[in-house]
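Trainee: Input model_12.cif, format and content: mmCIF, C-alpha atoms.
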data_model
loop_
_atom_site.label_atom_id
_atom_site.label_comp_id
_atom_site.auth_asym_id
_atom_site.auth_seq_id
_atom_site.Cartn_x
_atom_site.Cartn_y
_atom_site.Cartn_z
CA MET Z 1217 98.67 -2.53 9.88
CA SER Z 1218 95.37 -1.40 11.34
CA SER Z 1219 94.83 2.23 12.30
CA THR Z 1220 94.44 1.28 15.96
CA ASN Z 1221 98.08 0.19 16.07
CA LYS Z 1222 99.54 3.33 14.58
CA VAL Z 1223 101.77 5.55 16.70
CA PRO Z 1224 99.85 8.70 17.67
CA GLU Z 1225 100.74 11.81 15.69
CA ASN Z 1226 101.71 13.62 18.90
CA LYS Z 1227 104.45 11.11 19.68
CA ASN Z 1228 106.48 13.48 21.85
CA ASN Z 1229 103.71 13.49 24.43
CA ASN Z 1230 103.21 9.72 24.64
CA PRO Z 1231 105.33 7.15 26.50
CA LEU Z 1232 107.35 4.67 24.49
CA ILE Z 1233 105.46 1.41 23.92
CA ARG Z 1234 106.50 -1.92 22.43
CA SER Z 1235 104.76 -1.32 19.11
CA ASP Z 1236 106.89 1.77 18.59
CA ILE Z 1237 110.00 -0.39 18.70
CA GLN Z 1238 108.48 -3.03 16.47
CA GLU Z 1239 107.55 -0.38 13.95
CA LYS Z 1240 111.00 1.23 14.27
CA GLU Z 1241 109.41 4.57 15.03
CA VAL Z 1242 111.38 5.48 18.12
CA GLU Z 1243 113.15 8.67 17.06
CA ALA Z 1244 110.67 11.02 18.72
CA HIS Z 1245 110.83 9.03 21.95
CA LEU Z 1246 114.63 8.98 21.93
CA GLU Z 1247 114.60 12.74 21.48
CA ARG Z 1248 112.20 13.09 24.40
CA ILE Z 1249 114.34 10.80 26.58
CA HIS Z 1250 117.49 12.74 25.69
CA GLN Z 1251 115.72 15.99 26.50
CA GLU Z 1252 114.55 14.72 29.89
CA PHE Z 1253 118.07 13.69 30.85
CA SER Z 1254 119.55 16.96 29.58
CA ASP Z 1255 116.95 19.09 31.36
CA GLY Z 1256 117.25 16.99 34.51
CA PHE Z 1257 121.02 17.34 34.81
CA ASP Z 1258 120.81 21.07 34.09
CA PHE Z 1259 118.17 21.38 36.80
CA LEU Z 1260 120.17 19.44 39.41
CA ALA Z 1261 123.32 21.45 38.70
CA LYS Z 1262 121.67 24.30 40.64
CA TYR Z 1263 121.78 22.22 43.87
CA PRO Z 1264 125.37 21.14 44.59
CA LYS Z 1265 124.47 20.01 48.13
CA SER Z 1266 121.32 17.96 48.56
CA VAL Z 1267 119.60 15.09 50.33
CA THR Z 1268 117.02 12.99 48.54
CA ILE Z 1269 114.11 11.72 50.63
CA PHE Z 1270 111.89 8.83 49.54
CA GLY Z 1271 108.74 7.33 51.01
CA SER Z 1272 105.11 6.45 50.54
CA SER Z 1273 102.76 8.84 48.78
CA LEU Z 1274 99.97 7.40 50.96
CA ALA Z 1275 101.39 8.47 54.36
CA LYS Z 1276 98.87 10.52 56.33
CA GLN Z 1277 99.64 13.84 58.00
CA ASP Z 1278 98.90 12.46 61.45
CA SER Z 1279 101.27 9.50 61.06
CA GLU Z 1280 104.53 9.40 62.98
CA HIS Z 1281 106.50 8.85 59.79
CA TYR Z 1282 104.98 11.95 58.18
CA LYS Z 1283 105.87 14.00 61.25
CA LYS Z 1284 109.45 12.73 61.27
CA ALA Z 1285 109.88 13.40 57.54
CA TYR Z 1286 108.63 16.93 58.14
CA GLU Z 1287 111.07 17.42 60.99
CA LEU Z 1288 113.98 15.97 59.03
CA GLY Z 1289 113.25 18.11 55.97
CA GLY Z 1290 113.27 21.19 58.15
CA ARG Z 1291 116.51 20.25 59.87
CA ILE Z 1292 118.28 19.51 56.59
CA ALA Z 1293 117.29 22.94 55.34
CA SER Z 1294 117.96 24.90 58.53
CA ASP Z 1295 120.96 23.07 60.03
CA LEU Z 1296 122.82 21.96 56.92
CA LYS Z 1297 121.56 24.43 54.31
CA TYR Z 1298 121.18 21.55 51.84
CA ALA Z 1299 118.41 21.29 49.27
CA VAL Z 1300 115.71 18.75 50.09
CA ILE Z 1301 114.80 16.73 47.00
CA THR Z 1302 111.75 14.47 46.73
CA GLY Z 1303 109.51 13.04 44.05
CA GLY Z 1304 107.28 16.07 44.56
CA GLY Z 1305 104.13 14.13 45.40
CA PRO Z 1306 101.98 13.70 48.51
CA GLY Z 1307 102.64 11.70 51.69
CA ILE Z 1308 106.25 11.46 52.85
CA MET Z 1309 107.38 13.59 49.90
CA GLU Z 1310 105.00 16.35 50.92
CA ALA Z 1311 106.14 16.13 54.53
CA ALA Z 1312 109.83 16.53 53.68
CA ASN Z 1313 109.14 19.37 51.25
CA LYS Z 1314 106.91 21.07 53.80
CA GLY Z 1315 109.64 20.90 56.44
CA ALA Z 1316 112.17 22.46 54.09
CA TYR Z 1317 109.69 25.05 52.85
CA GLU Z 1318 108.70 26.21 56.33
CA ALA Z 1319 112.37 26.41 57.30
CA ASN Z 1320 112.88 28.79 54.37
CA GLY Z 1321 115.07 26.24 52.65
CA VAL Z 1322 115.33 24.88 49.13
CA SER Z 1323 112.42 22.49 48.54
CA VAL Z 1324 112.72 20.59 45.27
CA GLY Z 1325 110.27 18.24 43.56
CA LEU Z 1326 111.03 15.90 40.67
CA ASN Z 1327 107.50 15.14 39.63
CA ILE Z 1328 105.94 12.63 37.26
CA SER Z 1329 102.42 12.37 35.89
CA LEU Z 1330 100.58 9.39 37.36
CA PRO Z 1331 96.90 8.43 37.18
CA HIS Z 1332 96.43 9.03 40.92
CA GLU Z 1333 98.95 11.88 41.38
CA HIS Z 1334 98.34 14.80 39.07
CA SER Z 1335 100.05 17.69 40.77
CA THR Z 1336 103.13 18.70 42.70
CA ASN Z 1337 102.60 19.19 46.42
CA PRO Z 1338 102.21 22.86 47.45
CA TYR Z 1339 105.46 22.98 49.44
CA VAL Z 1340 107.74 22.53 46.45
CA THR Z 1341 109.37 25.81 45.45
CA ARG Z 1342 111.37 24.48 42.50
CA SER Z 1343 110.27 21.58 40.33
CA ILE Z 1344 110.62 19.72 37.08
CA LYS Z 1345 108.26 17.15 35.59
CA PHE Z 1346 109.19 13.90 33.84
CA ALA Z 1347 107.32 11.59 31.50
CA TYR Z 1348 109.58 8.58 31.98
CA PHE Z 1349 110.11 6.85 35.31
CA PHE Z 1350 113.68 5.84 34.51
CA SER Z 1351 114.87 9.37 33.76
CA ARG Z 1352 113.17 10.71 36.89
CA LYS Z 1353 114.66 7.88 38.95
CA THR Z 1354 118.13 8.71 37.67
CA MET Z 1355 117.72 12.33 38.75
CA LEU Z 1356 116.37 11.36 42.17
CA THR Z 1357 119.40 9.18 42.79
CA PHE Z 1358 122.05 11.35 41.18
CA ALA Z 1359 124.98 12.58 43.28
CA ALA Z 1360 123.16 13.47 46.51
CA GLU Z 1361 125.07 13.72 49.79
CA ALA Z 1362 122.73 11.13 51.34
CA TYR Z 1363 119.57 9.16 50.64
CA VAL Z 1364 116.83 8.80 53.24
CA TYR Z 1365 114.10 6.19 52.88
CA PHE Z 1366 110.94 6.35 54.94
CA PRO Z 1367 108.42 3.49 54.82
CA GLY Z 1368 107.02 3.11 51.34
CA GLY Z 1369 105.74 0.79 48.68
CA PHE Z 1370 107.03 -0.68 45.45
CA GLY Z 1371 108.47 2.61 44.21
CA THR Z 1372 110.41 3.23 47.40
CA PHE Z 1373 111.85 -0.28 47.33
CA ASP Z 1374 112.76 0.08 43.67
CA GLU Z 1375 114.68 3.26 44.42
CA LEU Z 1376 116.28 1.78 47.54
CA PHE Z 1377 117.58 -1.40 45.95
CA SER Z 1378 118.90 0.55 42.97
CA ILE Z 1379 121.16 2.58 45.26
CA LEU Z 1380 122.12 -0.46 47.35
CA THR Z 1381 123.14 -2.26 44.15
CA LEU Z 1382 125.27 0.66 42.97
CA ILE Z 1383 127.10 0.72 46.32
CA GLN Z 1384 127.36 -3.08 46.52
CA THR Z 1385 128.92 -3.31 43.07
CA GLY Z 1386 131.29 -0.39 43.60
CA LYS Z 1387 129.75 1.77 40.91
CA ILE Z 1388 129.45 4.54 43.50
CA PRO Z 1389 131.13 5.01 46.90
CA HIS Z 1390 129.38 4.21 50.16
CA VAL Z 1391 127.03 7.16 50.16
CA PRO Z 1392 124.92 7.24 53.36
CA VAL Z 1393 121.70 5.28 52.95
CA ILE Z 1394 119.43 5.98 55.91
CA LEU Z 1395 116.32 3.87 56.51
CA PHE Z 1396 114.07 5.88 58.79
CA GLY Z 1397 111.56 4.00 60.93
CA SER Z 1398 112.79 0.87 62.67
CA ASP Z 1399 109.23 -0.44 63.04
CA PHE Z 1400 109.10 -0.77 59.26
CA TRP Z 1401 112.71 -1.45 58.28
CA ASN Z 1402 113.85 -3.91 60.97
CA PRO Z 1403 111.45 -6.62 59.73
CA ILE Z 1404 112.66 -6.00 56.18
CA LYS Z 1405 116.26 -6.34 57.34
CA ALA Z 1406 115.37 -9.59 59.14
CA VAL Z 1407 114.02 -11.04 55.89
CA ILE Z 1408 117.13 -9.93 54.01
CA VAL Z 1409 119.42 -11.50 56.62
CA LYS Z 1410 117.45 -14.74 56.99
CA THR Z 1411 116.56 -15.33 53.34
CA LEU Z 1412 119.20 -13.65 51.19
CA LEU Z 1413 122.23 -13.98 53.46
CA GLU Z 1414 121.79 -17.05 55.65
CA THR Z 1415 119.55 -19.34 53.59
CA TYR Z 1416 120.32 -18.68 49.94
CA HIS Z 1417 123.68 -16.86 50.25
CA THR Z 1418 122.78 -14.39 47.52
CA ILE Z 1419 124.49 -11.51 49.32
CA GLU Z 1420 127.61 -11.23 51.47
CA ASP Z 1421 128.02 -10.28 55.14
CA ASN Z 1422 129.24 -6.76 54.36
CA ASP Z 1423 126.16 -6.01 52.28
CA ILE Z 1424 124.12 -5.67 55.46
CA ASN Z 1425 126.27 -2.68 56.41
CA ILE Z 1426 125.40 -0.66 53.32
CA PHE Z 1427 122.36 0.87 55.03
CA HIS Z 1428 121.65 2.33 58.47
CA ILE Z 1429 118.33 2.07 60.30
CA THR Z 1430 117.31 4.83 62.70
CA ASP Z 1431 114.38 6.53 64.42
CA SER Z 1432 116.33 9.66 65.33
CA VAL Z 1433 116.36 12.89 63.36
CA ASP Z 1434 119.51 13.90 65.26
CA ASP Z 1435 121.19 10.67 64.19
CA ALA Z 1436 120.23 11.19 60.55
CA ILE Z 1437 121.47 14.79 60.58
CA SER Z 1438 124.77 13.70 62.13
CA ILE Z 1439 125.30 11.06 59.41
CA ILE Z 1440 124.46 13.50 56.62
CA LYS Z 1441 126.67 16.21 58.09
CA LYS Z 1442 129.69 13.88 58.10
CA ALA Z 1443 129.20 12.76 54.51
CA PRO Z 1444 131.54 14.40 51.99
CA VAL Z 1445 130.02 16.52 49.26
CA SER Z 1446 129.41 14.12 46.39
CA VAL Z 1447 131.76 14.21 43.43
CA TRP Z 1448 131.61 10.44 42.92
CA TRP Z 1449 129.68 10.79 39.68
CA ARG Z 1450 132.81 12.13 37.99
CA ASN Z 1451 134.46 8.73 38.43
CA ILE Z 1452 131.70 6.45 37.15
CA ASN Z 1453 133.08 4.07 34.52
#
Represent the structure contained in this file as structure tokens.
Mentor:
Amino acid sequence: MSSTNKVPENKNNNPLIRSDIQEKEVEAHLERIHQEFSDGFDFLAKYPKSVTIFGSSLAKQDSEHYKKAYELGGRIASDLKYAVITGGGPGIMEAANKGAYEANGVSVGLNISLPHEHSTNPYVTRSIKFAYFFSRKTMLTFAAEAYVYFPGGFGTFDELFSILTLIQTGKIPHVPVILFGSDFWNPIKAVIVKTLLETYHTIEDNDINIFHITDSVDDAISIIKKAPVSVWWRNIN
């Protein structure tokens, strides 16, 4: 084995790669993964009522979606007294955290180190950083009272379809899934209906009702307010 293929000495600070598995040198990574899950669950235990907000890190401050995320974050904090949880980055995440922060609410960021995103946005008051996407994703989607998705890219869709799948398969109850911004989400829904439902029959009629599209902050607040406080995670099998 050449020296260029050796696992770095500081294995705890490096992501798991295929050669680690091939060389059966995964113990340090497994320890790191276990620690991230343990720390993440301990961190989230401090926020028994929360709403997780997703969306593009590239959204600009003058965009309508940014403004609505800011307004919604503020209303969740001021009207409902729930923690606002985001990925802690810029764009929509920043907007939601800023709204909660300026409403004197709990503004939480679950951050991850990325090449183009090195720091938590300045409106996060409580944060935790992850090395692994899958552990961070689990924490972002764990036992919130509702999930709100603003327009976003691959990451937002990954997080959205993960929750939709959990609801579709009955692994979790029908937690509110709010898609904010009809200009963005209605065309996506049309593709889902036309391609997945009507043409290829890869989903069922009821699957279209798992999510709710809106442009109204009042509507979103009303849906979140009616949702029961999540204890569904106790019944996962």
Trainee: Scan for residues within 8 Å of the point (111.5, 22.2, 46.3) in the coordinates of the file, using only C-alpha atoms, and reply as a list in words.
Mentor: Ala1299, Val1300, Ile1301, Thr1302, Gly1304, Asn1313, Ala1316, Tyr1317, Val1322, Ser1323, Val1324, Gly1325, Tyr1339, Val1340, Thr1341, Arg1342 and Ser1343 of chain Z
Trainee: Would you pick out the contacts of Lys1442 of chain Z at 12 Å or less, using only C-alpha atoms, so that residues sharing its chain but fewer than 6 positions from it are not included, and give the list as a ChimeraX atom specification?
Mentor: /Z:1296,1361-1362,1391-1392,1435-1436
Trainee: Considering all atoms listed in the file, state which residue in the set Z:Ile1292, Z:Ala1360, Z:Ala1319, Z:Ile1344 is at the smallest distance from Ser1254 of chain Z.
Mentor: Z:Ile1344
Trainee: Applied to this file, what does the PyMOL selection byres ((chain Z and resi 1399-1416) around 10) return in terms of residues, put as number ranges by chain?
Mentor: Z: 1281, 1365-1368, 1395-1398, 1417-1421, 1423-1424, 1427-1431
Trainee: Please enumerate the residues selected by the PyMOL selection byres ((chain Z and resi 1374) around 12) when evaluated against the supplied file, formatted as a list in words.
Mentor: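 That expression, the PyMOL selection byres ((chain Z and resi 1374) around 12), corresponds here to Phe1270, Gly1271, Phe1349, Phe1350, Lys1353, Thr1354, Leu1356, Thr1357, Tyr1365, Gly1368, Gly1369, Phe1370, Gly1371, Thr1372, Phe1373, Glu1375, Leu1376, Phe1377, Ser1378, Ile1379, Leu1380 and Thr1381 of chain Z.
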Trainee: On this structure, which residues satisfy the PyMOL selection byres ((chain Z and resi 1276) around 12), written as a count of residues only?
Mentor: 22
Trainee: Find the distance between atom CA of His1390 of chain Z and atom CA of Lys1345 of chain Z and write it in Å to one decimal.
Mentor: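 Separation between atom CA of His1390 of chain Z and atom CA of Lys1345 of chain Z: 28.7 Å.
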Trainee: So, with only C-alpha atoms as the atoms that count, which of Z:Asn1337, Z:Ser1438, Z:Gln1251, Z:Asn1327 lies closest to Asp1295 of chain Z?
Mentor: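 Going through Z:Asn1337, Z:Ser1438, Z:Gln1251, Z:Asn1327 one by one, the smallest distance to Asp1295 of chain Z is for Z:Ser1438.
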Trainee: Using only C-alpha atoms, pick whichever of Z:Ser1294, Z:Ser1351, Z:Asn1320, Z:Thr1336 has the shortest atom-to-atom distance to Phe1257 of chain Z.
Mentor: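 The shortest atom-to-atom distance to Phe1257 of chain Z comes from Z:Ser1351.
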Trainee: So, counting all atoms listed in the file, which residue among Z:Val1393, Z:Ile1328, Z:Val1242, Z:Ala1261 is closest to Arg1352 of chain Z?
Mentor: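 Nearest to Arg1352 of chain Z: Z:Ile1328.
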Trainee: I'd like the interatomic distance between atom CA of Val1433 of chain Z and atom CA of Leu1288 of chain Z, to a tenth of an Å.
Mentor: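 Interatomic distance here is 5.8 Å.
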Trainee: In Å, with one decimal, what is the gap from atom CA of Ala1293 of chain Z to atom CA of Ile1383 of chain Z?
Mentor: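 Atom-to-atom, atom CA of Ala1293 of chain Z and atom CA of Ile1383 of chain Z are spaced 25.9 Å apart.
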Trainee: Which one is closest to His1250 of chain Z: Z:Ser1335, Z:Phe1346, Z:Thr1268, Z:Ile1233? Count all atoms listed in the file.
Mentor: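 Counting all atoms listed in the file, the residue closest to His1250 of chain Z is Z:Phe1346.
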